[in-house]
>>> print(open('model26.txt').read())   # compact mmCIF, C-alpha atoms and all ligand atoms
# COMPACT_ATOMS: atom_id res chain seq x y z
CA MET A 213 11.36 74.45 -69.33
CA THR A 214 12.21 74.32 -65.64
CA ARG A 215 10.60 77.08 -63.62
CA HIS A 216 11.93 76.23 -60.15
CA LEU A 217 15.48 76.72 -58.91
CA TYR A 218 17.03 75.53 -55.64
CA VAL A 219 20.39 76.97 -54.55
CA HIS A 220 22.28 75.29 -51.71
CA LEU A 221 24.33 77.50 -49.37
CA PRO A 222 25.97 75.01 -47.00
CA PHE A 223 27.85 77.21 -44.55
CA CYS A 224 26.90 77.24 -40.84
CA ALA A 225 28.45 78.87 -37.78
CA HIS A 226 28.34 75.53 -35.98
CA ARG A 227 26.82 72.11 -36.45
CA CYS A 228 23.63 71.29 -34.53
CA GLY A 229 23.61 67.73 -33.20
CA TYR A 230 20.45 66.54 -34.98
CA CYS A 231 21.30 67.95 -38.42
CA ASP A 232 21.78 65.63 -41.38
CA PHE A 233 21.92 68.23 -44.16
CA VAL A 234 24.95 68.91 -46.34
CA THR A 235 26.68 71.60 -44.25
CA VAL A 236 30.15 73.02 -43.82
CA VAL A 237 31.18 74.80 -40.61
CA GLY A 238 32.80 78.25 -40.89
CA ARG A 239 35.22 78.64 -43.82
CA SER A 240 34.33 82.31 -44.32
CA GLY A 241 37.36 82.62 -46.60
CA GLN A 242 35.76 80.19 -49.05
CA HIS A 243 32.27 81.66 -49.36
CA GLY A 244 33.24 83.86 -52.32
CA ALA A 245 34.81 80.97 -54.24
CA TYR A 246 31.73 78.83 -53.58
CA VAL A 247 29.43 81.53 -54.96
CA ASP A 248 31.70 81.79 -58.03
CA ALA A 249 31.21 78.03 -58.50
CA LEU A 250 27.42 78.33 -58.07
CA LEU A 251 27.30 81.03 -60.74
CA ARG A 252 29.38 78.88 -63.09
CA GLU A 253 27.04 75.96 -62.55
CA LEU A 254 24.07 78.26 -63.21
CA ALA A 255 25.66 79.41 -66.49
CA LEU A 256 26.29 75.79 -67.55
CA GLU A 257 22.66 74.82 -66.88
CA ARG A 258 20.98 78.09 -67.89
CA GLU A 259 19.35 76.61 -70.97
CA LEU A 260 17.33 74.22 -68.77
CA LEU A 261 15.67 77.18 -67.07
CA ALA A 262 12.81 79.32 -68.32
CA PRO A 263 13.76 83.02 -68.77
CA GLU A 264 11.47 83.93 -65.85
CA LEU A 265 11.17 81.54 -62.97
CA GLU A 266 8.22 80.88 -60.69
CA THR A 267 10.36 80.23 -57.63
CA VAL A 268 13.91 80.39 -56.35
CA PHE A 269 14.73 78.87 -52.96
CA LEU A 270 18.01 79.50 -51.13
CA GLY A 271 18.40 76.68 -48.61
CA GLY A 272 21.13 75.41 -46.38
CA GLY A 273 23.11 75.14 -44.29
CA THR A 274 22.53 78.68 -43.21
CA PRO A 275 22.19 80.88 -46.30
CA THR A 276 22.14 84.01 -44.14
CA PHE A 277 25.52 83.06 -42.61
CA THR A 278 27.11 83.38 -46.06
CA GLU A 279 29.57 86.26 -46.17
CA PRO A 280 27.37 89.32 -47.03
CA SER A 281 29.20 90.44 -50.19
CA ALA A 282 29.13 86.88 -51.60
CA LEU A 283 25.41 86.52 -50.79
CA GLU A 284 24.69 89.87 -52.43
CA ARG A 285 26.61 88.89 -55.55
CA LEU A 286 24.60 85.67 -55.77
CA LEU A 287 21.23 87.36 -55.27
CA CYS A 288 22.05 89.95 -57.94
CA ALA A 289 22.94 87.25 -60.46
CA LEU A 290 19.94 84.96 -60.03
CA PRO A 291 17.18 84.98 -62.66
CA PRO A 292 14.02 86.84 -61.65
CA ALA A 293 11.31 84.81 -59.91
CA GLY A 294 7.83 85.36 -58.53
CA GLU A 295 8.80 83.85 -55.18
CA LEU A 296 12.35 84.29 -53.87
CA SER A 297 12.74 82.51 -50.52
CA ILE A 298 15.66 82.23 -48.17
CA GLU A 299 16.23 80.13 -45.06
CA ALA A 300 17.49 82.18 -42.13
CA ASN A 301 18.77 81.27 -38.70
CA PRO A 302 17.41 83.76 -36.13
CA GLU A 303 20.82 84.77 -34.75
CA THR A 304 21.95 85.92 -38.21
CA VAL A 305 19.01 88.27 -38.77
CA THR A 306 20.12 91.80 -37.94
CA GLN A 307 18.27 94.93 -39.01
CA GLU A 308 20.94 95.41 -41.68
CA LEU A 309 20.62 91.88 -43.08
CA ALA A 310 16.80 92.07 -43.15
CA ARG A 311 16.95 95.35 -45.09
CA ALA A 312 19.59 94.00 -47.48
CA LEU A 313 17.54 90.88 -48.25
CA ARG A 314 14.50 93.00 -48.99
CA ARG A 315 16.50 95.39 -51.20
CA LEU A 316 17.92 92.41 -53.12
CA GLY A 317 14.44 91.10 -53.96
CA VAL A 318 13.91 88.34 -51.39
CA ASN A 319 10.16 88.21 -50.68
CA ARG A 320 9.82 85.20 -48.37
CA VAL A 321 11.90 84.19 -45.33
CA SER A 322 11.81 80.81 -43.64
CA LEU A 323 13.05 81.28 -40.09
CA GLY A 324 14.57 78.28 -38.30
CA VAL A 325 12.84 78.75 -34.95
CA GLN A 326 12.58 75.05 -33.91
CA SER A 327 11.31 75.89 -30.40
CA PHE A 328 10.75 78.79 -27.99
CA ARG A 329 11.68 76.74 -24.90
CA PRO A 330 15.28 77.34 -23.73
CA HIS A 331 15.77 73.73 -22.52
CA LEU A 332 14.66 72.36 -25.92
CA LEU A 333 16.81 74.82 -27.87
CA SER A 334 19.71 73.69 -25.74
CA ALA A 335 18.94 69.98 -26.38
CA LEU A 336 19.02 70.78 -30.11
CA GLU A 337 22.32 72.67 -29.62
CA ARG A 338 20.82 75.81 -31.12
CA VAL A 339 22.53 79.18 -30.84
CA ALA A 340 19.33 81.27 -30.81
CA GLN A 341 17.35 81.92 -27.64
CA PRO A 342 13.59 82.68 -27.70
CA ASP A 343 14.24 86.42 -27.66
CA THR A 344 16.66 86.07 -30.58
CA VAL A 345 13.79 84.57 -32.58
CA ARG A 346 11.41 87.40 -31.66
CA ARG A 347 14.02 90.05 -32.50
CA ALA A 348 14.70 88.42 -35.88
CA PHE A 349 10.99 88.30 -36.63
CA TYR A 350 10.53 92.03 -35.85
CA HIS A 351 13.60 92.98 -37.93
CA LEU A 352 12.05 91.12 -40.86
CA ARG A 353 8.64 92.74 -40.36
CA ASP A 354 10.26 96.19 -40.02
CA ALA A 355 12.13 95.61 -43.28
CA GLY A 356 8.79 94.97 -45.00
CA PHE A 357 8.58 91.16 -45.13
CA ASP A 358 4.93 90.11 -45.32
CA ASN A 359 5.59 86.43 -45.98
CA ILE A 360 7.48 84.83 -43.09
CA SER A 361 7.49 81.15 -42.27
CA PHE A 362 8.59 79.46 -39.03
CA ASP A 363 10.15 76.00 -38.87
CA LEU A 364 9.25 74.19 -35.65
CA ILE A 365 10.41 70.76 -34.52
CA TYR A 366 8.61 68.40 -32.14
CA GLY A 367 9.69 65.19 -30.45
CA ILE A 368 12.76 66.93 -29.00
CA PRO A 369 14.51 65.22 -26.07
CA GLY A 370 12.97 66.59 -22.88
CA GLN A 371 9.78 67.82 -24.58
CA SER A 372 6.28 67.33 -23.19
CA PRO A 373 2.90 67.92 -24.85
CA SER A 374 2.52 71.12 -22.82
CA ASP A 375 5.92 72.33 -24.11
CA LEU A 376 4.62 71.86 -27.63
CA GLU A 377 1.38 73.68 -26.81
CA ALA A 378 3.46 76.54 -25.44
CA ASP A 379 5.70 76.60 -28.55
CA LEU A 380 2.66 76.78 -30.82
CA GLY A 381 1.18 79.51 -28.62
CA ASP A 382 4.40 81.56 -28.83
CA ALA A 383 4.54 81.11 -32.60
CA LEU A 384 0.88 82.10 -33.02
CA GLU A 385 1.41 85.20 -30.91
CA LEU A 386 3.87 86.44 -33.53
CA GLY A 387 1.51 85.40 -36.33
CA PRO A 388 3.75 84.25 -39.20
CA GLU A 389 2.07 83.71 -42.57
CA HIS A 390 3.28 80.12 -42.70
CA LEU A 391 4.47 77.34 -40.38
CA SER A 392 6.32 74.10 -41.09
CA CYS A 393 6.17 71.64 -38.18
CA TYR A 394 8.53 68.69 -38.41
CA GLU A 395 8.83 65.55 -36.38
CA LEU A 396 12.45 65.29 -35.16
CA GLU A 397 14.36 62.70 -37.15
CA ALA A 398 17.47 61.42 -35.41
CA LYS A 399 19.84 59.42 -37.53
CA PRO A 400 20.97 56.16 -35.89
CA GLY A 401 24.64 55.99 -35.01
CA THR A 402 25.12 59.74 -34.56
CA ARG A 403 26.48 61.53 -31.50
CA PHE A 404 23.00 63.00 -30.96
CA THR A 405 21.28 59.59 -30.95
CA HIS A 406 23.94 58.23 -28.66
CA ALA A 407 23.47 61.11 -26.21
CA HIS A 408 19.64 60.95 -26.15
CA GLY A 409 18.91 57.28 -26.93
CA ASP A 410 16.25 56.34 -24.33
CA GLU A 411 14.64 59.75 -24.42
CA LEU A 412 14.35 59.55 -28.23
CA VAL A 413 12.48 56.26 -27.86
CA ARG A 414 10.08 57.91 -25.38
CA GLN A 415 9.60 60.84 -27.77
CA ALA A 416 8.94 58.50 -30.71
CA ASP A 417 6.00 57.02 -28.75
CA ALA A 418 4.52 60.50 -28.36
CA MET A 419 4.77 61.56 -32.02
CA GLU A 420 1.14 60.85 -32.89
CA THR A 421 -0.07 62.90 -29.94
CA TYR A 422 2.25 65.75 -30.93
CA PHE A 423 1.03 65.66 -34.53
CA GLU A 424 -2.59 65.87 -33.35
CA ILE A 425 -1.73 68.82 -31.12
CA VAL A 426 -0.05 70.63 -34.03
CA VAL A 427 -2.94 70.07 -36.45
CA GLU A 428 -5.64 70.87 -33.90
CA ARG A 429 -3.98 74.02 -32.58
CA LEU A 430 -3.02 75.53 -35.94
CA THR A 431 -6.27 74.73 -37.74
CA SER A 432 -8.27 76.13 -34.78
CA ALA A 433 -6.22 79.31 -35.13
CA GLY A 434 -7.42 79.57 -38.76
CA TYR A 435 -4.36 78.18 -40.55
CA ARG A 436 -4.90 75.96 -43.58
CA TRP A 437 -3.36 72.50 -43.16
CA TYR A 438 -2.42 72.30 -46.81
CA GLU A 439 0.37 69.72 -46.58
CA THR A 440 1.21 67.07 -43.98
CA ALA A 441 3.72 69.30 -42.18
CA ASN A 442 2.77 72.72 -43.56
CA PHE A 443 0.22 75.35 -42.61
CA CYS A 444 -0.54 78.79 -43.97
CA ARG A 445 -2.73 81.71 -43.10
CA THR A 446 -5.84 82.06 -45.25
CA PRO A 447 -6.55 85.74 -45.70
CA ASP A 448 -10.20 86.64 -46.45
CA GLY A 449 -11.23 87.67 -49.91
CA ALA A 450 -10.40 86.45 -53.39
CA ASP A 451 -7.81 89.15 -54.02
CA ARG A 452 -5.66 88.08 -51.06
CA PRO A 453 -2.50 86.07 -51.72
CA ASP A 454 -2.18 82.31 -51.60
CA LEU A 455 0.37 81.88 -48.81
CA ARG A 456 1.36 78.28 -49.49
CA ALA A 457 5.11 77.78 -50.11
CA ARG A 458 5.16 77.89 -53.89
CA HIS A 459 8.61 76.33 -54.22
CA ASN A 460 7.74 73.33 -52.10
CA LEU A 461 4.39 73.00 -53.87
CA ALA A 462 6.34 72.47 -57.08
CA TYR A 463 8.07 69.44 -55.46
CA TRP A 464 4.78 68.06 -54.17
CA PHE A 465 3.11 68.49 -57.57
CA GLY A 466 6.01 66.61 -59.21
CA ARG A 467 7.25 69.55 -61.28
CA ASP A 468 10.79 69.78 -62.63
CA TYR A 469 13.38 71.71 -60.62
CA LEU A 470 17.07 72.50 -60.98
CA GLY A 471 19.33 72.34 -57.91
CA LEU A 472 22.67 74.15 -57.74
CA GLY A 473 25.44 73.62 -55.19
CA ILE A 474 26.88 70.79 -53.16
CA GLY A 475 24.50 67.92 -52.49
CA ALA A 476 21.74 69.61 -54.53
CA VAL A 477 19.26 67.39 -56.36
CA SER A 478 17.76 68.19 -59.78
CA THR A 479 14.86 66.54 -61.61
CA VAL A 480 14.59 67.67 -65.20
CA ASP A 481 12.91 65.99 -68.18
CA GLY A 482 12.66 62.59 -66.50
CA ARG A 483 16.30 62.62 -65.31
CA ARG A 484 17.44 63.05 -61.71
CA TRP A 485 20.93 63.78 -60.44
CA ARG A 486 22.60 64.75 -57.19
CA ASN A 487 25.72 66.91 -57.06
CA THR A 488 28.72 65.78 -55.08
CA PRO A 489 28.41 66.79 -51.41
CA ARG A 490 32.16 67.55 -51.29
CA LEU A 491 32.96 71.26 -51.31
CA PRO A 492 36.57 71.12 -52.64
CA ALA A 493 35.62 68.76 -55.51
CA TYR A 494 32.62 70.93 -56.44
CA VAL A 495 34.62 74.18 -56.46
CA THR A 496 37.57 72.65 -58.34
CA SER A 497 35.41 71.16 -61.13
CA LEU A 498 33.56 74.38 -61.75
CA ALA A 499 36.72 76.52 -61.54
CA GLY A 500 37.97 74.35 -64.43
CA GLY A 501 34.75 74.97 -66.40
CA LEU A 502 33.42 71.42 -65.80
CA ARG A 503 30.14 70.24 -64.32
CA PRO A 504 30.59 68.87 -60.79
CA GLU A 505 30.68 65.15 -60.15
CA ARG A 506 27.10 63.85 -60.06
CA GLU A 507 25.24 60.76 -59.01
CA LEU A 508 22.48 59.80 -61.45
CA GLU A 509 19.33 58.23 -60.10
CA PRO A 510 17.33 56.07 -62.48
CA LEU A 511 13.83 57.48 -62.68
CA SER A 512 11.48 55.01 -64.32
CA LEU A 513 7.89 55.86 -65.15
CA ASP A 514 6.79 53.59 -62.31
CA VAL A 515 8.99 55.46 -59.78
CA ARG A 516 7.66 58.80 -61.02
CA ARG A 517 4.06 57.66 -60.69
CA ARG A 518 4.65 56.35 -57.17
CA GLU A 519 6.31 59.62 -56.17
CA ARG A 520 3.37 61.50 -57.61
CA VAL A 521 1.01 59.53 -55.31
CA MET A 522 3.26 59.77 -52.24
CA LEU A 523 3.80 63.51 -52.61
CA GLY A 524 0.37 64.40 -54.01
CA LEU A 525 -1.50 62.75 -51.15
CA ARG A 526 0.39 64.93 -48.66
CA LEU A 527 -1.65 67.86 -49.94
CA ASP A 528 -5.19 68.88 -49.04
CA GLU A 529 -6.11 69.06 -52.73
CA PRO A 530 -7.41 65.93 -54.44
CA LEU A 531 -4.92 64.07 -56.65
CA ARG A 532 -5.92 63.34 -60.25
CA VAL A 533 -5.58 59.59 -60.78
CA GLU A 534 -5.50 59.84 -64.57
CA GLY A 535 -2.10 58.81 -65.92
CA LEU A 536 -1.08 56.91 -62.78
CA GLY A 537 -1.27 53.54 -64.54
CA ASP A 538 -1.56 50.57 -62.20
CA VAL A 539 0.42 51.86 -59.22
CA LEU A 540 -2.74 52.02 -57.07
CA ASP A 541 -3.90 48.80 -55.44
CA ALA A 542 -7.64 48.60 -56.21
CA ALA A 543 -8.44 46.23 -53.30
CA ALA A 544 -6.55 48.44 -50.82
CA LEU A 545 -8.34 51.47 -52.21
CA ASP A 546 -11.76 49.87 -51.57
CA ARG A 547 -10.75 48.80 -48.07
CA LEU A 548 -9.31 52.21 -47.13
CA GLN A 549 -12.39 53.91 -48.52
CA ARG A 550 -14.65 51.69 -46.39
CA LEU A 551 -12.51 52.58 -43.36
CA GLY A 552 -13.07 56.27 -44.07
CA LEU A 553 -9.39 57.00 -44.70
CA VAL A 554 -9.54 57.68 -48.44
CA ASP A 555 -11.99 59.61 -50.53
CA ARG A 556 -12.27 58.58 -54.18
CA SER A 557 -14.58 60.72 -56.23
CA GLY A 558 -14.55 60.41 -60.01
CA PRO A 559 -11.11 61.18 -61.42
CA THR A 560 -9.59 62.26 -58.09
CA LEU A 561 -8.32 60.76 -54.89
CA ALA A 562 -7.69 62.35 -51.49
CA LEU A 563 -7.02 61.29 -47.93
CA THR A 564 -9.73 62.17 -45.43
CA ARG A 565 -8.72 64.10 -42.30
CA ARG A 566 -8.36 60.80 -40.44
CA GLY A 567 -6.31 59.39 -43.31
CA ARG A 568 -4.05 62.42 -43.26
CA MET A 569 -3.48 62.01 -39.52
CA LEU A 570 -2.19 58.50 -40.23
CA GLY A 571 -0.02 59.98 -42.98
CA GLY A 572 2.43 57.83 -44.91
CA GLY A 573 1.00 54.50 -43.71
CA VAL A 574 -2.21 54.92 -45.70
CA THR A 575 -0.33 55.98 -48.83
CA ALA A 576 2.02 53.01 -48.52
CA ASP A 577 -1.03 50.68 -48.37
CA LEU A 578 -2.48 52.28 -51.48
CA LEU A 579 0.59 51.67 -53.57
CA ALA A 580 0.41 48.27 -55.25
C1 LIG A 601 17.78 73.01 -44.14
S1 LIG A 601 17.20 72.90 -42.54
C2 LIG A 601 18.08 74.15 -41.72
C3 LIG A 601 17.79 75.60 -41.84
C4 LIG A 601 18.56 76.47 -40.90
N1 LIG A 601 19.95 76.32 -41.02
C5 LIG A 601 18.19 76.21 -39.45
O1 LIG A 601 18.86 75.42 -38.81
O2 LIG A 601 17.25 76.81 -38.99
C6 LIG A 601 15.53 73.36 -42.67
C7 LIG A 601 14.65 72.86 -41.53
O3 LIG A 601 14.63 71.47 -41.47
C8 LIG A 601 14.27 71.08 -40.16
N2 LIG A 601 15.17 70.00 -39.72
C9 LIG A 601 16.50 69.98 -39.79
N3 LIG A 601 17.00 68.82 -39.29
C10 LIG A 601 15.92 68.09 -38.90
C11 LIG A 601 15.76 66.82 -38.29
N4 LIG A 601 16.81 66.05 -37.98
N5 LIG A 601 14.50 66.40 -38.01
C12 LIG A 601 13.43 67.17 -38.32
N6 LIG A 601 13.53 68.38 -38.88
C13 LIG A 601 14.75 68.85 -39.17
C14 LIG A 601 14.41 72.29 -39.27
O4 LIG A 601 13.14 72.72 -38.83
C15 LIG A 601 15.07 73.30 -40.18
O5 LIG A 601 14.69 74.62 -39.87
S1 LIG A 602 22.22 75.68 -38.47
FE1 LIG A 602 20.66 74.49 -39.61
S2 LIG A 602 21.75 73.60 -41.35
FE2 LIG A 602 23.30 74.34 -39.92
S3 LIG A 602 23.86 72.59 -38.68
FE3 LIG A 602 22.21 73.65 -37.59
S4 LIG A 602 20.30 72.68 -38.33
FE4 LIG A 602 21.93 72.11 -39.75
>>> encode(input="model26.txt", output="structure tokens", more="lines below")
Ligand SMILES: C[S@@+](CC[C@H](N)C(=O)[O-])C[C@H]1O[C@@H](n2cnc3c(N)ncnc32)[C@H](O)[C@@H]1O
Ligand code: SF4
Amino acid sequence: MTRHLYVHLPFCAHRCGYCDFVTVVGRSGQHGAYVDALLRELALERELLAPELETVFLGGGTPTFTEPSALERLLCALPPAGELSIEANPETVTQELARALRRLGVNRVSLGVQSFRPHLLSALERVAQPDTVRRAFYHLRDAGFDNISFDLIYGIPGQSPSDLEADLGDALELGPEHLSCYELEAKPGTRFTHAHGDELVRQADAMETYFEIVVERLTSAGYRWYETANFCRTPDGADRPDLRARHNLAYWFGRDYLGLGIGAVSTVDGRRWRNTPRLPAYVTSLAGGLRPERELEPLSLDVRRRERVMLGLRLDEPLRVEGLGDVLDAAALDRLQRLGLVDRSGPTLALTRRGRMLGGGVTADLLA
């Protein structure tokens, strides 16, 4: 039975130039109807889910921009879970919202910080200023949140290595339990790419340096680099919590998950589907008691094994090779091991620190 649930809340106050997620601007009058549709989809798929879930993740869009009574209704109707995470944009986090999330059982907040430098926030077309981020963080702490994650982006037009150092310093000063640091991806042909073309090329050349800065700075500060882009605090003592993002770990370990909402992806029992990204079509189908339109993705055993390698090698834990069939290229494995990029010991495989710095390239070589 599926123990991981993703719920997509697509609404945003405005659209940031670099964003390629399934989002819908404004439409506060439609938030309630969308939540009705989500709850209908949940009821239709309920039998796929275990009675108690390990994780629920509310992602967006901007889940915390959802009209408060609709968000409350949703949170009250979701099945119980050990980890209940929500993505929040700093400008939406008031004292009232932080308290309400806590009261409604949310126990992890992922704050979309992106940067603490005003010129970079402005290049990204963000609403929040650095002080907005700090205020949001303190509201969450005051409300009792002891598991807060920051999203940071690097490779932003106008950024320099010292800007990134300063961003990491500002983040570390607040001391979140978890940090996700993403390389900026700019989709070709968008307004954003058009506006920042040459500068994006310059930034692309600096990505390796930025990645090294991120890993060096966060690991020196005592964070565990447990996944390519993810870091968590490692409290002393065996009785202290594991602060890795449990929901995302389920994806990286290749577990099944159910996704609800527009554009949401599900992988259950060897089948994968993606809901329509169109809001009106989604709401209309579910209002009529029907499942939304879905795109099915063929998921052969070979594809699943390859995904297992690609995702598993992002982690700092060794990957068990048993059951992977012949997707690994034995000659490439020997070569990469000689180069000190891969560590094969008995039934497990892992990238070395140097291999992890090179990231996806090494994994691509390993796949036959
Ligand atoms: C679902 S998104 C948005 C969450 C939230 N609405 C926000 O903007 O903070 C989750 C995270 O993905 C990252 N992200 C979004 N677009 C990206 C892009 N084009 N390149 C790299 N990271 C991106 C951001 O760090 C963001 O916080
Ligand atoms: S607020 Fe987040 S989800 Fe919405 S447009 Fe901006 S980056 Fe995308």
>>> residues_near_ligand(input="model26.txt", ligand="ligand LIG 602 (chain A)", cutoff="10 Å", atoms="only C-alpha atoms and all ligand atoms", output="PyMOL selection string")
chain A and resi 221-237+271-275+277+299-303+324+326+336-340
>>> residues_around(input="model26.txt", residues="segment 361-368 of chain A", least_positions_apart="4", cutoff="8 Å", atoms="all atoms listed in the file", output="list in words")
Arg320, Val321, Ser322, Leu323, Gly324, Val325, Gln326, Ser327, Leu332, Ala335, Leu336, Leu376, Ala383, Pro388, Glu389, His390, Leu391, Ser392, Cys393, Tyr394, Glu395, Leu396, Leu412, Gln415, Ala416, Ala418, Met419 and Tyr422 of chain A
>>> write_last_selection(input="model26.txt", atoms="C-alpha atoms", output="compact mmCIF listing (two decimals), in the frame of the given file")
# COMPACT_ATOMS: atom_id res chain seq x y z
CA ARG A 320 9.82 85.20 -48.37
CA VAL A 321 11.90 84.19 -45.33
CA SER A 322 11.81 80.81 -43.64
CA LEU A 323 13.05 81.28 -40.09
CA GLY A 324 14.57 78.28 -38.30
CA VAL A 325 12.84 78.75 -34.95
CA GLN A 326 12.58 75.05 -33.91
CA SER A 327 11.31 75.89 -30.40
CA LEU A 332 14.66 72.36 -25.92
CA ALA A 335 18.94 69.98 -26.38
CA LEU A 336 19.02 70.78 -30.11
CA LEU A 376 4.62 71.86 -27.63
CA ALA A 383 4.54 81.11 -32.60
CA PRO A 388 3.75 84.25 -39.20
CA GLU A 389 2.07 83.71 -42.57
CA HIS A 390 3.28 80.12 -42.70
CA LEU A 391 4.47 77.34 -40.38
CA SER A 392 6.32 74.10 -41.09
CA CYS A 393 6.17 71.64 -38.18
CA TYR A 394 8.53 68.69 -38.41
CA GLU A 395 8.83 65.55 -36.38
CA LEU A 396 12.45 65.29 -35.16
CA LEU A 412 14.35 59.55 -28.23
CA GLN A 415 9.60 60.84 -27.77
CA ALA A 416 8.94 58.50 -30.71
CA ALA A 418 4.52 60.50 -28.36
CA MET A 419 4.77 61.56 -32.02
CA TYR A 422 2.25 65.75 -30.93
>>> axis_aligned_box(input="model26.txt", around="ligand LIG 601 (chain A)", padding_each_side="4 Å", output="lines of an AutoDock Vina configuration file")
center_x = 16.5
center_y = 71.4
center_z = -41.1
size_x = 14.8
size_y = 18.8
size_z = 14.2
>>> closest_residue(input="model26.txt", among="A:Asp354, A:Glu279, A:Glu397, A:Asp546", to="ligand LIG 601 (chain A)", atoms="all atoms listed in the file")
A:Glu397
>>> closest_residue(input="model26.txt", among="A:Ala262, A:Leu333, A:Leu250, A:Cys288", to="ligand LIG 601 (chain A)", atoms="all atoms listed in the file")
A:Leu333
>>> closest_residue(input="model26.txt", among="A:His351, A:Lys399, A:Arg314, A:Arg285", to="ligand LIG 601 (chain A)", atoms="all atoms listed in the file")
A:Lys399
>>> closest_residue(input="model26.txt", among="A:Thr405, A:Arg517, A:Phe465, A:Asp555", to="ligand LIG 601 (chain A)", atoms="all atoms listed in the file")
A:Thr405
>>> residues_around(input="model26.txt", residues="Glu428 of chain A", least_positions_apart="3", cutoff="12 Å", atoms="all atoms listed in the file", output="PyMOL selection string")
chain A and resi 377+380+421-425+431-437+443+565+569
>>> closest_residue(input="model26.txt", among="A:Arg329, A:Thr214, A:Val318, A:Arg556", to="Gly482 of chain A", atoms="all atoms listed in the file")
A:Thr214
>>> residues_around(input="model26.txt", residues="segment 557-560 of chain A", least_positions_apart="2", cutoff="7 Å", atoms="all atoms listed in the file", output="NGL selection string")
:A and (530-534 or 555 or 562)
>>> atom_distance(input="model26.txt", atom1="atom CA of Thr304 of chain A", atom2="atom CA of Thr276 of chain A")
6.2 Å
>>> residues_around(input="model26.txt", residues="Val219 of chain A", least_positions_apart="3", cutoff="9 Å", atoms="all atoms listed in the file", output="list of chain:residue names")
A:Leu250, A:Val268, A:Phe269, A:Leu270, A:Gly271, A:Gly272, A:Leu470, A:Gly471, A:Leu472, A:Gly473, A:Ala476
>>> closest_residue(input="model26.txt", among="A:Gly524, A:Pro447, A:Pro292, A:Pro504", to="Gly475 of chain A", atoms="all atoms listed in the file")
A:Pro504
>>> atom_distance(input="model26.txt", atom1="atom CA of Asn442 of chain A", atom2="atom CA of Leu290 of chain A")
26.8 Å
>>> atom_distance(input="model26.txt", atom1="atom C1 of ligand LIG 601 (chain A)", atom2="atom CA of Ser297 of chain A")
12.5 Å
>>> build_atoms(input="model26.txt", residues="segment 535-547 of chain A", atoms="N, CA and C atoms", output="PDB file, in the coordinates of the input")
ATOM      1  N   GLY A 535      -3.527  58.873 -65.574  1.00  0.00           N
ATOM      2  CA  GLY A 535      -2.100  58.810 -65.920  1.00  0.00           C
ATOM      3  C   GLY A 535      -1.250  58.114 -64.871  1.00  0.00           C
ATOM      4  N   LEU A 536      -1.885  57.570 -63.825  1.00  0.00           N
ATOM      5  CA  LEU A 536      -1.080  56.910 -62.780  1.00  0.00           C
ATOM      6  C   LEU A 536      -0.882  55.414 -63.054  1.00  0.00           C
ATOM      7  N   GLY A 537      -1.468  54.949 -64.160  1.00  0.00           N
ATOM      8  CA  GLY A 537      -1.270  53.540 -64.540  1.00  0.00           C
ATOM      9  C   GLY A 537      -1.822  52.627 -63.462  1.00  0.00           C
ATOM     10  N   ASP A 538      -1.039  51.547 -63.164  1.00  0.00           N
ATOM     11  CA  ASP A 538      -1.560  50.570 -62.200  1.00  0.00           C
ATOM     12  C   ASP A 538      -0.807  50.625 -60.868  1.00  0.00           C
ATOM     13  N   VAL A 539      -0.320  51.807 -60.495  1.00  0.00           N
ATOM     14  CA  VAL A 539       0.420  51.860 -59.220  1.00  0.00           C
ATOM     15  C   VAL A 539      -0.508  51.817 -58.006  1.00  0.00           C
ATOM     16  N   LEU A 540      -1.814  52.071 -58.219  1.00  0.00           N
ATOM     17  CA  LEU A 540      -2.740  52.020 -57.070  1.00  0.00           C
ATOM     18  C   LEU A 540      -3.324  50.624 -56.940  1.00  0.00           C
ATOM     19  N   ASP A 541      -3.371  50.125 -55.715  1.00  0.00           N
ATOM     20  CA  ASP A 541      -3.900  48.800 -55.440  1.00  0.00           C
ATOM     21  C   ASP A 541      -5.420  48.931 -55.247  1.00  0.00           C
ATOM     22  N   ALA A 542      -6.196  48.393 -56.220  1.00  0.00           N
ATOM     23  CA  ALA A 542      -7.640  48.600 -56.210  1.00  0.00           C
ATOM     24  C   ALA A 542      -8.294  48.031 -54.943  1.00  0.00           C
ATOM     25  N   ALA A 543      -7.835  46.841 -54.492  1.00  0.00           N
ATOM     26  CA  ALA A 543      -8.440  46.230 -53.300  1.00  0.00           C
ATOM     27  C   ALA A 543      -8.146  47.091 -52.069  1.00  0.00           C
ATOM     28  N   ALA A 544      -6.908  47.587 -51.966  1.00  0.00           N
ATOM     29  CA  ALA A 544      -6.550  48.440 -50.820  1.00  0.00           C
ATOM     30  C   ALA A 544      -7.358  49.729 -50.854  1.00  0.00           C
ATOM     31  N   LEU A 545      -7.562  50.233 -52.059  1.00  0.00           N
ATOM     32  CA  LEU A 545      -8.340  51.470 -52.210  1.00  0.00           C
ATOM     33  C   LEU A 545      -9.756  51.286 -51.666  1.00  0.00           C
ATOM     34  N   ASP A 546     -10.410  50.157 -52.054  1.00  0.00           N
ATOM     35  CA  ASP A 546     -11.760  49.870 -51.570  1.00  0.00           C
ATOM     36  C   ASP A 546     -11.775  49.765 -50.042  1.00  0.00           C
ATOM     37  N   ARG A 547     -10.795  49.027 -49.518  1.00  0.00           N
ATOM     38  CA  ARG A 547     -10.750  48.800 -48.070  1.00  0.00           C
ATOM     39  C   ARG A 547     -10.549  50.142 -47.331  1.00  0.00           C
TER      40      ARG A 547
END
